$ cat my_file_6.csv   # CSV, C-alpha atoms
chain,number,residue,atom,x,y,z
A,1,LEU,CA,-3.6,5.2,-16.9
A,2,LEU,CA,-5.5,1.9,-16.1
A,3,HIS,CA,-3.3,-0.4,-18.2
A,4,PHE,CA,0.4,-0.2,-18.5
A,5,GLU,CA,2.6,-2.9,-20.2
A,6,LEU,CA,6.1,-3.5,-19.1
A,7,GLU,CA,7.3,-3.3,-22.7
A,8,TRP,CA,6.1,0.3,-22.9
A,9,LEU,CA,8.9,1.7,-20.7
A,10,GLU,CA,11.3,4.1,-22.4
A,11,SER,CA,9.3,4.0,-25.6
A,12,LEU,CA,7.5,6.7,-27.6
A,13,PHE,CA,3.7,6.7,-27.8
A,14,VAL,CA,0.7,8.5,-29.2
A,15,PHE,CA,-2.3,8.8,-26.9
A,16,PRO,CA,-5.4,8.7,-29.2
A,17,SER,CA,-8.1,9.1,-26.5
A,18,TRP,CA,-8.0,10.9,-23.1
A,19,SER,CA,-10.0,13.2,-20.8
A,20,TYR,CA,-8.9,16.1,-18.7
A,21,ILE,CA,-10.5,16.1,-15.3
A,22,PRO,CA,-10.6,19.5,-13.5
A,23,GLN,CA,-10.5,20.0,-9.8
A,24,THR,CA,-13.4,21.3,-7.8
A,25,ASP,CA,-11.2,24.3,-7.2
A,26,GLN,CA,-11.0,25.9,-10.6
A,27,SER,CA,-7.8,27.7,-9.9
A,28,ALA,CA,-5.9,24.4,-9.3
A,29,ALA,CA,-4.7,21.9,-12.0
A,30,GLY,CA,-6.5,18.7,-12.6
A,31,TYR,CA,-5.2,15.5,-14.2
A,32,VAL,CA,-5.6,13.4,-17.4
A,33,GLU,CA,-7.3,10.0,-17.7
A,34,ILE,CA,-6.1,7.9,-20.6
A,35,LEU,CA,-9.1,6.1,-21.9
A,36,VAL,CA,-7.6,3.9,-24.7
A,37,ASP,CA,-4.2,2.1,-24.8
A,38,PRO,CA,-1.5,4.3,-26.4
A,39,VAL,CA,-0.1,3.5,-29.9
A,40,LEU,CA,3.6,2.5,-30.0
A,41,VAL,CA,5.7,4.7,-32.3
A,42,ASN,CA,9.1,3.2,-32.1
A,43,LEU,CA,10.1,-0.5,-32.1
A,44,PRO,CA,10.1,-2.3,-28.7
A,45,LYS,CA,13.5,-3.1,-27.1
A,46,GLU,CA,14.9,-6.6,-27.5
A,47,VAL,CA,15.0,-8.8,-24.3
A,48,PRO,CA,18.4,-10.5,-23.7
A,49,ASP,CA,18.5,-14.2,-24.0
A,50,SER,CA,19.3,-16.8,-21.3
A,51,ILE,CA,19.0,-14.7,-18.1
A,52,PRO,CA,20.3,-16.6,-15.0
A,53,VAL,CA,17.6,-16.5,-12.3
A,54,THR,CA,17.0,-17.8,-8.8
A,55,TYR,CA,13.5,-18.8,-7.8
A,56,PRO,CA,11.8,-17.8,-4.5
A,57,ALA,CA,12.1,-21.3,-3.0
A,58,LEU,CA,15.8,-21.1,-3.1
A,59,ALA,CA,16.1,-17.4,-2.3
A,60,GLU,CA,13.7,-17.4,0.7
A,61,PRO,CA,16.0,-19.3,3.1
A,62,LEU,CA,18.6,-16.5,2.7
A,63,LEU,CA,16.2,-14.1,4.4
A,64,THR,CA,15.8,-16.3,7.5
A,65,SER,CA,19.5,-16.9,8.0
A,66,ARG,CA,21.2,-15.5,11.1
A,67,VAL,CA,24.5,-14.9,9.3
A,68,PRO,CA,25.2,-11.2,8.9
A,69,CYS,CA,24.6,-9.7,5.5
A,70,LYS,CA,27.7,-9.4,3.4
A,71,LYS,CA,28.4,-7.6,0.1
A,72,ARG,CA,28.5,-10.1,-2.7
A,73,SER,CA,27.2,-10.5,-6.3
A,74,LYS,CA,23.6,-9.5,-7.0
A,75,LEU,CA,20.7,-11.9,-7.4
A,76,THR,CA,18.1,-12.1,-10.1
A,77,VAL,CA,14.8,-13.5,-8.8
A,78,ALA,CA,11.9,-14.6,-10.9
A,79,GLY,CA,8.3,-15.4,-9.7
A,80,GLU,CA,4.6,-14.6,-9.7
A,81,LEU,CA,3.5,-11.3,-8.3
A,82,ALA,CA,1.5,-12.5,-5.2
A,83,ARG,CA,1.0,-9.1,-3.5
A,84,LEU,CA,1.7,-5.4,-4.3
A,85,GLY,CA,2.0,-2.9,-1.4
A,86,PRO,CA,1.0,0.7,-1.7
A,87,LEU,CA,3.4,3.6,-2.4
A,88,LEU,CA,4.7,4.9,0.9
A,89,CYS,CA,6.5,8.2,1.6
A,90,ILE,CA,8.7,8.1,4.8
A,91,HIS,CA,11.1,10.8,5.6
A,92,HIS,CA,10.6,12.3,2.1
A,93,LYS,CA,11.6,9.0,0.5
A,94,THR,CA,9.1,7.1,-1.6
A,95,SER,CA,9.1,3.3,-1.9
A,96,PHE,CA,6.9,0.2,-2.1
A,97,PHE,CA,7.1,-3.5,-1.4
A,98,LEU,CA,6.3,-6.3,-3.9
A,99,PHE,CA,6.1,-10.0,-3.2
A,100,LEU,CA,7.3,-12.7,-5.7
A,101,LYS,CA,5.9,-16.2,-5.2
A,102,CYS,CA,7.3,-19.5,-6.3
A,103,PHE,CA,5.6,-21.1,-9.3
A,104,THR,CA,5.4,-24.5,-7.7
A,105,SER,CA,4.7,-23.7,-4.0
A,106,ALA,CA,3.4,-20.9,-1.7
A,107,VAL,CA,6.9,-19.7,-0.8
A,108,TRP,CA,7.4,-15.9,-1.4
A,109,VAL,CA,10.0,-13.3,-1.0
A,110,PRO,CA,9.6,-9.5,-0.2
A,111,VAL,CA,11.3,-7.0,-2.5
A,112,LEU,CA,11.7,-3.3,-1.6
A,113,VAL,CA,11.7,-0.9,-4.5
A,114,GLN,CA,13.0,2.5,-3.6
A,115,LYS,CA,15.0,4.0,-6.5
A,116,PRO,CA,13.1,7.1,-8.0
A,117,ASN,CA,13.3,5.8,-11.6
A,118,GLN,CA,11.8,2.4,-10.5
A,119,LEU,CA,8.7,3.8,-8.8
A,120,VAL,CA,6.9,3.7,-12.2
A,121,TRP,CA,6.9,-0.1,-11.7
A,122,HIS,CA,4.1,0.3,-9.3
A,123,HIS,CA,1.8,1.3,-12.2
A,124,ILE,CA,3.0,-1.6,-14.3
A,125,LEU,CA,2.9,-4.6,-12.0
A,126,GLN,CA,-0.3,-6.8,-12.1
A,127,LEU,CA,-1.2,-9.4,-9.6
A,128,GLY,CA,-0.9,-12.9,-10.9
A,129,HIS,CA,1.6,-12.0,-13.7
A,130,THR,CA,5.1,-13.3,-13.7
A,131,TYR,CA,8.2,-11.1,-13.6
A,132,THR,CA,12.0,-11.2,-13.4
A,133,ILE,CA,13.9,-8.6,-11.3
A,134,THR,CA,17.6,-8.3,-11.7
A,135,GLY,CA,20.3,-6.8,-9.5
A,136,LEU,CA,18.8,-7.6,-6.1
A,137,SER,CA,20.8,-7.3,-2.9
A,138,MET,CA,19.9,-8.4,0.6
A,139,SER,CA,19.4,-5.9,3.4
A,140,SER,CA,17.8,-5.8,6.9
A,141,LEU,CA,15.4,-3.4,8.6
A,142,LYS,CA,17.0,-1.4,11.3
A,143,LYS,CA,14.2,-1.8,13.9
A,144,SER,CA,13.3,-5.4,13.6
A,145,GLY,CA,16.4,-6.8,11.8
A,146,GLN,CA,14.0,-8.6,9.3
A,147,ARG,CA,15.7,-9.3,6.0
A,148,ILE,CA,14.4,-8.3,2.6
A,149,PHE,CA,15.6,-8.0,-1.0
A,150,VAL,CA,16.3,-4.5,-2.2
A,151,THR,CA,16.6,-3.2,-5.8
A,152,GLY,CA,19.7,-1.4,-6.8
A,153,VAL,CA,20.5,1.4,-9.3
A,154,SER,CA,21.1,-1.2,-12.1
A,155,SER,CA,18.0,-3.4,-11.3
A,156,CYS,CA,15.6,-4.0,-14.1
A,157,LEU,CA,12.0,-5.3,-14.2
A,158,LEU,CA,11.4,-7.8,-17.0
A,159,PRO,CA,8.5,-10.0,-18.1
A,160,TYR,CA,9.2,-13.6,-17.2
A,161,CYS,CA,9.6,-16.0,-20.1
A,162,ALA,CA,10.6,-19.6,-19.4
A,163,GLU,CA,12.4,-19.8,-22.8
A,164,GLN,CA,14.6,-16.8,-22.0
A,165,VAL,CA,15.9,-17.8,-18.5
A,166,ARG,CA,18.0,-20.5,-16.9
A,167,GLU,CA,18.0,-21.5,-13.3
A,168,GLN,CA,21.1,-20.1,-11.5
A,169,PRO,CA,22.4,-22.1,-8.6
A,170,LEU,CA,23.6,-20.1,-5.6
A,171,ASP,CA,27.4,-19.6,-5.2
A,172,SER,CA,29.2,-21.3,-2.3
A,173,ALA,CA,28.8,-18.2,0.0
A,174,TRP,CA,25.1,-18.0,-0.6
A,175,GLN,CA,24.7,-21.7,-0.1
A,176,GLU,CA,26.5,-21.6,3.2
A,177,GLU,CA,23.9,-19.1,4.5
A,178,SER,CA,21.0,-21.1,3.0
A,179,ALA,CA,22.1,-24.3,4.8
A,180,GLN,CA,22.4,-22.6,8.1
A,181,SER,CA,18.9,-21.1,7.8
A,182,TYR,CA,17.1,-24.4,7.2
A,183,SER,CA,17.6,-25.7,10.7
A,184,LEU,CA,16.6,-22.3,12.2
A,185,GLU,CA,13.5,-22.0,10.0
A,186,THR,CA,12.3,-25.4,11.3
A,187,ALA,CA,12.7,-24.3,14.9
A,188,GLU,CA,10.9,-21.0,14.2
A,189,GLN,CA,8.0,-22.8,12.5
A,190,LEU,CA,7.5,-25.0,15.6
A,191,SER,CA,7.7,-22.0,17.9
A,192,ASP,CA,5.1,-20.2,15.7
A,193,SER,CA,2.7,-23.1,15.8
A,194,LEU,CA,3.0,-23.3,19.6
A,195,GLU,CA,2.3,-19.6,19.9
A,196,LEU,CA,-0.7,-19.8,17.6
A,197,GLY,CA,-2.2,-22.6,19.7
A,198,VAL,CA,-2.0,-20.4,22.8
A,199,GLU,CA,-3.6,-17.5,21.0
A,200,GLU,CA,-6.5,-19.6,19.7
A,201,GLU,CA,-7.4,-20.8,23.2
A,202,ARG,CA,-7.3,-17.3,24.7
A,203,PRO,CA,-10.9,-15.8,24.8
A,204,GLY,CA,-11.1,-12.3,23.2
A,205,SER,CA,-13.4,-9.5,24.1
A,206,THR,CA,-13.3,-7.9,20.6
A,207,LYS,CA,-14.3,-9.4,17.3
A,208,GLU,CA,-11.8,-10.0,14.6
A,209,SER,CA,-12.5,-8.4,11.3
A,210,LYS,CA,-12.7,-10.7,8.2
A,211,ILE,CA,-10.3,-10.2,5.2
A,212,ILE,CA,-12.1,-10.2,1.9
A,213,SER,CA,-11.9,-9.1,-1.7
A,214,TYR,CA,-14.5,-6.9,-3.3
A,215,VAL,CA,-15.3,-5.1,-6.6
A,216,GLY,CA,-17.6,-2.1,-6.6
A,217,THR,CA,-18.5,1.3,-8.1
A,218,VAL,CA,-17.9,4.6,-6.3
A,219,THR,CA,-21.3,6.2,-5.9
A,220,LYS,CA,-20.5,9.0,-3.6
A,221,ILE,CA,-17.5,10.7,-1.9
A,222,LEU,CA,-18.4,10.7,1.8
A,223,ASN,CA,-15.4,12.7,2.9
A,224,VAL,CA,-12.4,12.8,0.7
A,225,GLN,CA,-10.1,14.4,3.3
A,226,ALA,CA,-11.0,11.5,5.7
A,227,GLY,CA,-10.4,8.9,2.9
A,228,LEU,CA,-14.1,7.7,3.0
A,229,PHE,CA,-15.9,6.7,-0.2
A,230,LEU,CA,-19.3,5.0,-0.7
A,231,LEU,CA,-19.4,1.9,-3.0
A,232,ASP,CA,-22.6,0.7,-4.6
A,233,ASN,CA,-24.7,2.9,-2.2
A,234,LYS,CA,-24.2,0.4,0.6
A,235,VAL,CA,-20.5,-0.1,1.5
A,236,CYS,CA,-18.0,2.5,2.9
A,237,LEU,CA,-14.5,2.2,1.6
A,238,CYS,CA,-11.9,3.6,4.1
A,239,LEU,CA,-8.5,4.4,2.6
A,240,ALA,CA,-7.2,6.5,5.5
A,241,TYR,CA,-4.9,3.8,6.7
A,242,GLN,CA,-3.0,3.8,3.4
A,243,GLN,CA,-1.0,6.7,2.0
A,244,LEU,CA,-2.8,7.9,-1.2
A,245,LEU,CA,0.2,9.5,-2.9
A,246,ASN,CA,-1.7,10.0,-6.1
A,247,SER,CA,-4.2,12.2,-4.1
A,248,ALA,CA,-7.1,9.9,-4.9
A,249,ARG,CA,-7.0,10.6,-8.6
A,250,GLY,CA,-9.5,8.5,-10.5
A,251,LEU,CA,-11.7,7.9,-7.5
A,252,ARG,CA,-14.7,9.8,-8.8
A,253,PRO,CA,-18.3,8.7,-8.6
A,254,GLY,CA,-18.8,6.2,-11.4
A,255,ALA,CA,-15.3,4.7,-11.2
A,256,CYS,CA,-15.0,0.9,-10.6
A,257,VAL,CA,-12.4,-0.3,-8.0
A,258,GLU,CA,-11.2,-3.8,-7.1
A,259,LEU,CA,-10.2,-4.3,-3.4
A,260,ILE,CA,-8.0,-7.2,-2.5
A,261,ASP,CA,-7.4,-8.3,1.1
A,262,VAL,CA,-9.4,-5.5,2.8
A,263,HIS,CA,-10.9,-5.7,6.3
A,264,LEU,CA,-14.6,-6.1,6.6
A,265,LEU,CA,-16.0,-4.3,9.6
A,266,GLN,CA,-19.8,-4.8,9.8
A,267,LYS,CA,-20.7,-2.4,12.6
A,268,PRO,CA,-17.6,-0.5,13.7
A,269,LEU,CA,-19.7,2.4,15.1
A,270,VAL,CA,-23.4,2.3,16.2
A,271,SER,CA,-24.1,5.7,14.6
A,272,PHE,CA,-22.4,4.9,11.3
A,273,PRO,CA,-24.9,3.6,8.7
A,274,PHE,CA,-22.7,1.6,6.4
A,275,ILE,CA,-20.6,-1.6,6.4
A,276,VAL,CA,-16.9,-0.6,6.2
A,277,LEU,CA,-14.2,-2.0,4.1
A,278,GLY,CA,-10.8,-0.8,5.4
A,279,ALA,CA,-7.6,-1.0,3.4
A,280,CYS,CA,-4.4,-1.5,5.4
A,281,LEU,CA,-0.9,-1.6,4.2
A,282,SER,CA,-1.3,-5.3,3.2
A,283,SER,CA,-4.3,-4.4,1.0
A,284,THR,CA,-4.3,-3.7,-2.7
A,285,VAL,CA,-6.6,-1.2,-4.3
A,286,VAL,CA,-6.9,-1.3,-8.1
A,287,LEU,CA,-8.8,1.2,-10.3
A,288,LYS,CA,-10.5,-1.0,-12.9
A,289,SER,CA,-12.3,1.7,-14.9
A,290,PHE,CA,-12.7,5.4,-15.0
A,291,SER,CA,-16.0,7.2,-14.4
A,292,ARG,CA,-18.0,8.2,-17.4
A,293,LEU,CA,-19.8,10.9,-15.4
A,294,SER,CA,-18.8,14.6,-15.7
A,295,THR,CA,-17.9,14.8,-12.0
A,296,PRO,CA,-15.0,17.0,-10.9
A,297,TYR,CA,-11.9,15.7,-9.1
A,298,GLN,CA,-11.7,16.3,-5.3
A,299,PRO,CA,-8.1,15.9,-4.2
A,300,LEU,CA,-7.0,14.5,-0.9
A,301,ALA,CA,-4.6,16.7,0.9
A,302,SER,CA,-1.7,14.7,2.5
A,303,SER,CA,0.0,17.8,4.1
A,304,GLY,CA,-1.8,19.4,7.0
A,305,ASN,CA,-4.7,16.9,6.9
A,306,LEU,CA,-6.1,16.9,10.4
A,307,TYR,CA,-8.0,13.7,10.0
A,308,LEU,CA,-4.9,11.7,9.0
A,309,GLU,CA,-2.7,13.6,11.5
A,310,LEU,CA,-4.8,12.6,14.5
A,311,LEU,CA,-5.4,9.0,13.1
A,312,PHE,CA,-1.7,8.3,13.0
A,313,ARG,CA,-0.7,10.3,16.1
A,314,TYR,CA,-3.1,8.3,18.3
A,315,ASN,CA,-2.9,5.0,16.3
A,316,LEU,CA,-6.7,4.8,16.2
A,317,GLY,CA,-8.7,1.8,15.3
A,318,MET,CA,-11.7,2.1,12.9
A,319,PRO,CA,-14.4,2.7,15.6
A,320,LEU,CA,-12.5,5.6,17.1
A,321,TYR,CA,-11.5,7.0,13.7
A,322,LEU,CA,-15.1,7.1,12.5
A,323,TRP,CA,-16.1,8.8,15.8
A,324,LEU,CA,-13.3,11.3,15.2
A,325,VAL,CA,-14.5,12.0,11.7
A,326,SER,CA,-18.1,12.6,13.0
A,327,LEU,CA,-16.8,15.1,15.6
A,328,LEU,CA,-14.7,17.0,13.0
A,329,GLU,CA,-17.6,17.1,10.5
A,330,THR,CA,-19.9,18.4,13.2
A,331,PHE,CA,-17.4,20.9,14.4
A,332,GLU,CA,-16.8,22.2,10.9
A,333,GLU,CA,-20.5,22.5,10.2
A,334,ARG,CA,-21.2,24.5,13.3
A,335,PHE,CA,-18.2,26.8,13.4
A,336,SER,CA,-17.3,27.3,9.8
A,337,CYS,CA,-19.1,30.6,10.0
A,338,CYS,CA,-16.7,31.8,12.7
A,339,PHE,CA,-13.4,30.5,11.2
A,340,ARG,CA,-12.1,30.0,7.7
A,341,ARG,CA,-12.2,26.3,6.9
A,342,ARG,CA,-8.4,26.1,6.3
A,343,ARG,CA,-7.8,27.7,9.7
A,344,LEU,CA,-10.4,25.6,11.4
A,345,LEU,CA,-8.9,22.2,10.3
A,346,LEU,CA,-5.3,23.2,10.4
A,347,SER,CA,-3.1,20.5,12.0
A,348,SER,CA,-0.1,21.1,14.3
A,349,THR,CA,2.3,20.0,11.6
A,350,HIS,CA,2.1,23.7,11.0
A,351,ARG,CA,3.3,26.0,13.8
A,352,ASN,CA,-0.1,26.9,15.3
A,353,PRO,CA,-2.8,24.2,15.6
A,354,GLY,CA,-6.3,25.1,14.4
A,355,ALA,CA,-9.4,25.4,16.6
A,356,ALA,CA,-10.6,21.9,15.8
A,357,GLU,CA,-7.4,20.3,17.0
A,358,LYS,CA,-7.3,22.4,20.2
A,359,PHE,CA,-10.8,21.1,20.9
A,360,LEU,CA,-10.3,17.4,20.0
A,361,VAL,CA,-6.8,16.6,21.4
A,362,PRO,CA,-8.0,16.7,25.1
A,363,LEU,CA,-10.9,14.4,24.1
A,364,LEU,CA,-8.7,12.0,22.4
A,365,GLN,CA,-6.2,12.0,25.3
A,366,ALA,CA,-9.2,11.1,27.6
A,367,VAL,CA,-10.6,8.4,25.3
A,368,VAL,CA,-7.1,6.9,24.6
A,369,PRO,CA,-5.3,7.6,27.8
A,370,ASP,CA,-3.0,4.6,27.4
A,371,ARG,CA,-2.0,5.2,23.8
A,372,GLU,CA,-0.8,2.1,22.0
A,373,ASP,CA,2.6,1.8,20.6
A,374,ALA,CA,3.3,3.6,17.3
A,375,ARG,CA,2.1,1.8,14.2
A,376,ASP,CA,4.7,-0.7,13.0
A,377,ILE,CA,4.2,-0.3,9.2
A,378,TYR,CA,7.0,-2.7,8.2
A,379,ASN,CA,5.6,-5.5,10.5
A,380,GLU,CA,2.1,-4.7,9.0
A,381,ILE,CA,3.4,-5.3,5.5
A,382,LEU,CA,5.9,-8.1,6.1
A,383,ALA,CA,4.7,-10.3,9.0
A,384,LYS,CA,3.5,-13.7,8.1
A,385,ILE,CA,0.9,-13.4,10.9
A,386,HIS,CA,-0.9,-10.3,9.9
A,387,GLN,CA,-1.2,-7.4,12.5
A,388,CYS,CA,-2.7,-4.0,11.8
A,389,PRO,CA,-5.1,-1.4,13.4
A,390,LEU,CA,-8.0,-2.7,11.4
A,391,GLN,CA,-8.0,-6.2,12.8
A,392,LYS,CA,-10.6,-5.5,15.5

$ encode --input "my_file_6.csv" --output "structure tokens"
Amino acid sequence: LLHFELEWLESLFVFPSWSYIPQTDQSAAGYVEILVDPVLVNLPKEVPDSIPVTYPALAEPLLTSRVPCKKRSKLTVAGELARLGPLLCIHHKTSFFLFLKCFTSAVWVPVLVQKPNQLVWHHILQLGHTYTITGLSMSSLKKSGQRIFVTGVSSCLLPYCAEQVREQPLDSAWQEESAQSYSLETAEQLSDSLELGVEEERPGSTKESKIISYVGTVTKILNVQAGLFLLDNKVCLCLAYQQLLNSARGLRPGACVELIDVHLLQKPLVSFPFIVLGACLSSTVVLKSFSRLSTPYQPLASSGNLYLELLFRYNLGMPLYLWLVSLLETFEERFSCCFRRRRLLLSSTHRNPGAAEKFLVPLLQAVVPDREDARDIYNEILAKIHQCPLQK
């Protein structure tokens, strides 16, 4: 479904136009593409009047406070959707981050959505639109201690309407934390600016990638299991660094996609013929239109996918990942006659690794002897100074 209005939740609809897209494997189920907006059958729900809200400019200092989090009344925050993170599945729990920005400044706050019945919000939210989220509490990440707002069981997502809200001042307990955080925030900003100055003076041996936005049409699937798609016959889109929990549904030749804040890598590998646009966990990928071609659906396997398993295990940058893809493709082409493909590319997430993994692991250990620290996905999503494997 390309277009989903917030008012449609928990309503009854008729779908007048749709297409069933089969998989390349005829024995497996495909999916349905909704071509025209559904028709509402029942009346929409009424929105309550005069909702008390707090705006990001007032809520953000709470996240920088050093005072320990305490249980207290929930917050309702309203703002413009500045960024929408991808769906992530970690330890069998699915969640995503969204970022609400103040209407009058660049101040934003992160919100973690993790309740199962709220995951549908990810298909509703649109960048640049304004929303109100109720029932938010404050929590901190175990590893970094960074504070975020988190939805609760009673949280609701509502369209923002200035006539239906009133600004809610923080209670005395919240205000005490907010006051303590201002002085700390000023010191941190000074510290950050000093660190940035040192980094700019330090010469680098590698070139930083540029972050751009791009709209293009999928013209070819280069390698769906590696997350590689060709756009406009000239640009390679790499989605391997994101978790595609919808298994790449809709990404068929002929589909139009919008890429927001993706990394441009002009020549990541000498033997690779295309410019690469890499999507990290701070990037947003939006399917703008379905393909009109009668092309089947090639699903991306998230379980037992050797490409993704080795990418995350060795925390590879784009040049090494494309080299790995090339080796795996060559290995599969030359030895598929000797092994069944499933057995050939089996990863060690299963009990016995396949032939390709047994061959590649010693090579990767030689090429990446000093393996970098494990990928810090929360820092990649939340840090104000962006850091990710696609930067260089």

$ closest_residue --input "my_file_6.csv" --among "A:Ser73, A:Gln365, A:Thr284, A:Gln266" --to "Glu208 (chain A)" --atoms "only C-alpha atoms"
A:Gln266

$ closest_residue --input "my_file_6.csv" --among "A:Gln114, A:His129, A:Val224, A:Ala255" --to "Leu293 (chain A)" --atoms "all atoms listed in the file"
A:Ala255

$ closest_residue --input "my_file_6.csv" --among "A:Arg252, A:Leu222, A:Gly304, A:Gln391" --to "Pro268 (chain A)" --atoms "all atoms listed in the file"
A:Gln391

$ residues_near_point --input "my_file_6.csv" --point "(-10.3, 22.8, -13.3)" --cutoff "12 Å" --atoms "all atoms listed in the file" --output "list in words"
Tyr20, Ile21, Pro22, Gln23, Thr24, Asp25, Gln26, Ser27, Ala28, Ala29, Gly30, Tyr31, Val32, Thr295, Pro296, Tyr297, Gln298 and Pro299 of chain A

$ closest_residue --input "my_file_6.csv" --among "A:Glu60, A:His3, A:Leu360, A:Gln243" --to "Leu87 (chain A)" --atoms "only C-alpha atoms"
A:Gln243

$ residues_around --input "my_file_6.csv" --residues "Ile211 (chain A)" --least-positions-apart "6" --cutoff "9 Å" --atoms "only C-alpha atoms" --output "ChimeraX atom specification"
/A:260-264,391

$ write_last_selection --input "my_file_6.csv" --atoms "C-alpha atoms" --output "mmCIF file, in the frame of the given file"
data_model
loop_
_atom_site.group_PDB
_atom_site.id
_atom_site.type_symbol
_atom_site.label_atom_id
_atom_site.label_comp_id
_atom_site.auth_asym_id
_atom_site.auth_seq_id
_atom_site.Cartn_x
_atom_site.Cartn_y
_atom_site.Cartn_z
ATOM 1 C CA ILE A 260 -8.000 -7.200 -2.500
ATOM 2 C CA ASP A 261 -7.400 -8.300 1.100
ATOM 3 C CA VAL A 262 -9.400 -5.500 2.800
ATOM 4 C CA HIS A 263 -10.900 -5.700 6.300
ATOM 5 C CA LEU A 264 -14.600 -6.100 6.600
ATOM 6 C CA GLN A 391 -8.000 -6.200 12.800
#

$ residues_around --input "my_file_6.csv" --residues "Glu167 (chain A)" --least-positions-apart "6" --cutoff "6 Å" --atoms "only C-alpha atoms" --output "list in words"
Pro52, Val53 and Thr54 of chain A

$ write_last_selection --input "my_file_6.csv" --atoms "C-alpha atoms" --output "PDB file, in the frame of the given file"
ATOM      1  CA  PRO A  52      20.300 -16.600 -15.000  1.00  0.00           C
ATOM      2  CA  VAL A  53      17.600 -16.500 -12.300  1.00  0.00           C
ATOM      3  CA  THR A  54      17.000 -17.800  -8.800  1.00  0.00           C
TER       4      THR A  54
END

$ closest_residue --input "my_file_6.csv" --among "A:Thr134, A:Ser17, A:Ser326, A:Thr104" --to "Leu228 (chain A)" --atoms "all atoms listed in the file"
A:Ser326

$ atom_distance --input "my_file_6.csv" --atom1 "CA of Cys102 (chain A)" --atom2 "CA of Thr130 (chain A)"
9.9 Å

$ atom_distance --input "my_file_6.csv" --atom1 "CA of Ile275 (chain A)" --atom2 "CA of Tyr314 (chain A)"
23.4 Å

$ closest_residue --input "my_file_6.csv" --among "A:Leu269, A:Cys256, A:Leu306, A:Cys89" --to "Ser291 (chain A)" --atoms "all atoms listed in the file"
A:Cys256

$ residues_around --input "my_file_6.csv" --residues "Ala374 (chain A)" --least-positions-apart "6" --cutoff "10 Å" --atoms "all atoms listed in the file" --output "list of chain:residue names"
A:Phe312, A:Arg313, A:Tyr314, A:Asn315

$ residues_near_point --input "my_file_6.csv" --point "(-27.0, 2.0, 1.3)" --cutoff "8 Å" --atoms "only C-alpha atoms" --output "count of residues only"
6

$ atom_distance --input "my_file_6.csv" --atom1 "CA of Pro389 (chain A)" --atom2 "CA of Trp108 (chain A)"
24.2 Å

$ residues_around --input "my_file_6.csv" --residues "His122 (chain A)" --least-positions-apart "3" --cutoff "9 Å" --atoms "all atoms listed in the file" --output "CSV table (one decimal) with C-alpha atoms, in the coordinates of the input"
chain,number,residue,atom,x,y,z
A,84,LEU,CA,1.7,-5.4,-4.3
A,85,GLY,CA,2.0,-2.9,-1.4
A,86,PRO,CA,1.0,0.7,-1.7
A,87,LEU,CA,3.4,3.6,-2.4
A,96,PHE,CA,6.9,0.2,-2.1
A,98,LEU,CA,6.3,-6.3,-3.9
A,118,GLN,CA,11.8,2.4,-10.5
A,119,LEU,CA,8.7,3.8,-8.8
A,125,LEU,CA,2.9,-4.6,-12.0
A,126,GLN,CA,-0.3,-6.8,-12.1

$ residues_around --input "my_file_6.csv" --residues "Tyr378 (chain A)" --least-positions-apart "5" --cutoff "9 Å" --atoms "all atoms listed in the file" --output "PyMOL selection string"
chain A and resi 141+144+281+383
